[in-house]
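Visitor: Input: one structure, supplied below.
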Amino acid sequence: MTAAPTGSLSTDPAGGAAACVPLRAGPLEIVFHDGDLRRIRWGDREVVRRIHGAVRDRDWGTVPGRITGLVIDSSDTSFRIRYTREHCENGIHFVWHAAISGDEDGTIRFSFDGEAKATFLTNRIGLCVLHPIRECAGARVRSLHLDGSVRDRVFPESVAAEQPVAGFTDLAGLTYEVGPGIRAELEFSGDVFETEDQRNWIDASFKTYSTPLRLPFPVEVRAGERIRQSVVLRILDTGRTQQPARVRTGRDETVHIALTAAEPVRFPEIGLMMASHGRPFDAADSDRLSRLGLSHLRADLRLADSRWPERLRVAARDATGLGAALELAIHLPAGTGGDLALVARELGRMKVDLTRALIFRDGCRSTLATDLEAARSALGDCGMAIGAGTDADLYQLNLQPPPADGDFVCWSMNPQVHASDELSIAETPEAVVHQIASARRRFPDLPLLVSPITLKPRSNPVATGPERPVAPGELPPQVDVRQMSLFCAAWTVAMLKALSEGGVESVTLFETTGWRGVLETAAGSPLPERFPSTPGSVFPVYHVLADVGGFSPRSVVPTQATGPDGVASLLLGAGGRRRLLVANLSTTPRLVSIAGLGEPTRVRILDGMTLEEAMLRPEAHRNRSVSIPAEGFLLAAHAIVTADLHEP
């Protein structure tokens, strides 16, 4: 980041926010992105991850907003920003005006002044402040409360099960140390604020927000109702510190990938889910998927649906064809019931490798002890592990811990519970390690499984009403057009790094085929105007899994990247061989050095230049090789380099 150029920036009359603008407020460096203040830094220390305004619907969905009238006045030491944001979707119509300033003494003010243009139900409207987990997890913090009391507290080290975080309620302010002698002081006004631990949903932050969870929701907002809030950030300096060094800047600055002192760890088993569209594999699908070296195929058996035996038979056929074992997610009906003995009889008729059964019950947050015992009794002779957990995120596991006497514990992950922009998604792998560590503390003796990982939520466990029907011509809420993007592939590299270095036993990623999978079907997209894939193509994430599965890794050698943000590295070991994947999750090209890791031999680059061949002629792409210098190579936005290495 660099200081914004002196002057004024405004949008055109039709509106639209500047993509990314670097700013300064005295000693602080800030990025303004799509109406939000992000990555507020004092030197190399992140003070605040994000300040933004949010409008949530009755099911906690974030209602997108359109920015108009954006004006930015900035200098080398200060800035002023104004804009209007309109949220209009599914009966919600809310408009608010932002006034944001940064002064040369390091004071930042963010004001939110809004009005409802219609009457609607909502769970929350207002400002949110995100606190970075690297600097804050386990750190001391002083809380100021609405009654005037002041308390010394600690941000949770382990992921907090209680939401909001115990003691972080009725807040008027928070103060925490940024560096030696430097404190960040946050002041909240206009509503009652509290703090939650967003690591429960792999957001890499703690969030301070308005409208306490203890109040009933959803609430009705009447047309004409006004909502006004503000957040003030001040930097308090005891005078014992020097002005911070500028944050490292520039696209020509090198990201250095190096080994850490940590010992190699076992690489997890990797599997995929059955496709939800129900179409069988064709010969090309089977051939391409079989090259991924999959450990397992996950099949969801919903025993409330009488068609589950047919789905089981299809799953067994597909898993056998791929040379993979079958992972069964067995969903018992809500309330009571579910004939697990019938499941055992069906499995007894099949010739298929079985690896494990995940036991869930519809309407329950996680596995019940009685259901785990019933599954052991009915399925114990089927030759597979039987475990407990949740089909939702870690928060559900924390709210209702499953029994600890299963063969394993499982939960799922997705990066879009709270935010859908690429900057926020790119941050989520940082929180994965925190989730794994938290689960390990709760279940110290059990293998940990993450199944499945998807780009969007598969369901909404906190919805207050029935799921809305999908409008004609719209994508289902579980589908993200970025499934077929380079960004999804780069994010997957970062996730595999976090999951493997965190120590999970097994990971299930995405579906096999279709718009939630790793390759497109021969029939193509059901909505090509909204999901414009090419029939029979592979998605970029396919090549990530092929690079991993085709290498048959036995271990991961922990690495770290120093320098500009946004680069992930995954170093795999197999016998005496090594394979390195380096991914750029940012939109800025990065110069990367892998000197010291070994001499790169066979190298493949997946980027905008090679994307067409990689998707349409994947076999030709995988046979292509280029050379790169270990001392430094340019990694384009969202690009991935895969290099086989001679050990140094």
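Following the order of the structure tokens, first chain is A, next is B, and so on, with residues numbered from 1 inside each chain and ligands from 1 in the order they appear.
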Could you pull the residues within 8 Å of range 74-89 of chain A, counting only C-alpha atoms, minus those fewer than 5 positions along the same chain, as a ChimeraX atom specification?
Guide: /A:3-8,23-26,35,55,63-69,94-104
Visitor: Which neighbours of Leu616 in chain A fall inside 7 Å, counting only C-alpha atoms, when residues of the same chain fewer than 2 positions from it are skipped, and could you give them as a PyMOL selection string?
Guide: chain A and resi 537-538+612-614+618
Visitor: As a PyMOL selection string, please: the residues near range 288-303 of chain A (cut-off 9 Å, only C-alpha atoms, same-chain neighbours under 5 positions excluded).
Guide: chain A and resi 269-275+283+308-309+311-312+315-316+318-319+321-333+338-340+354-355+362+451-452+506+508+511-512+518-519+538+542-543+545-552
Visitor: Within range 498-559 of chain A, find each residue whose DSSP state, derived from the backbone, is strand (DSSP E), and express the selection as a PyMOL selection string.
Guide: chain A and resi 506-513+517-519+555-556+559
Visitor: Just checking: using only C-alpha atoms, which residue out of A:Pro532, A:Gly575, A:Gly380, A:Pro447 ends up closest to Phe408 in chain A?
Guide: A:Pro447
Visitor: For Phe217 in chain A, work out the shell of residues within 8 Å, counting only C-alpha atoms and skipping chain neighbours fewer than 5 positions away, then give it as a list in words.
Guide: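 Within the cut-off, the hits are Arg58, Thr122 and Asn123 of chain A.
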Visitor: Keeping N, CA, C and O atoms, export the residues of the selection given above as a PDB file, in the first residue's frame.
Guide:
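Okay, this is what ended up in part21.pdb:
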```pdb
ATOM      1  N   ARG A  58     -33.953 -11.120   7.243  1.00  0.00           N
ATOM      2  CA  ARG A  58     -34.497 -11.848   8.389  1.00  0.00           C
ATOM      3  C   ARG A  58     -33.835 -13.205   8.595  1.00  0.00           C
ATOM      4  O   ARG A  58     -33.995 -13.839   9.641  1.00  0.00           O
ATOM      5  N   THR A 122     -35.858  -7.298   9.408  1.00  0.00           N
ATOM      6  CA  THR A 122     -34.403  -7.395   9.361  1.00  0.00           C
ATOM      7  C   THR A 122     -33.887  -7.920  10.692  1.00  0.00           C
ATOM      8  O   THR A 122     -34.553  -7.790  11.726  1.00  0.00           O
ATOM      9  N   ASN A 123     -32.692  -8.517  10.660  1.00  0.00           N
ATOM     10  CA  ASN A 123     -32.043  -8.937  11.896  1.00  0.00           C
ATOM     11  C   ASN A 123     -30.986  -7.949  12.376  1.00  0.00           C
ATOM     12  O   ASN A 123     -30.629  -7.955  13.555  1.00  0.00           O
TER      13      ASN A 123
END
```
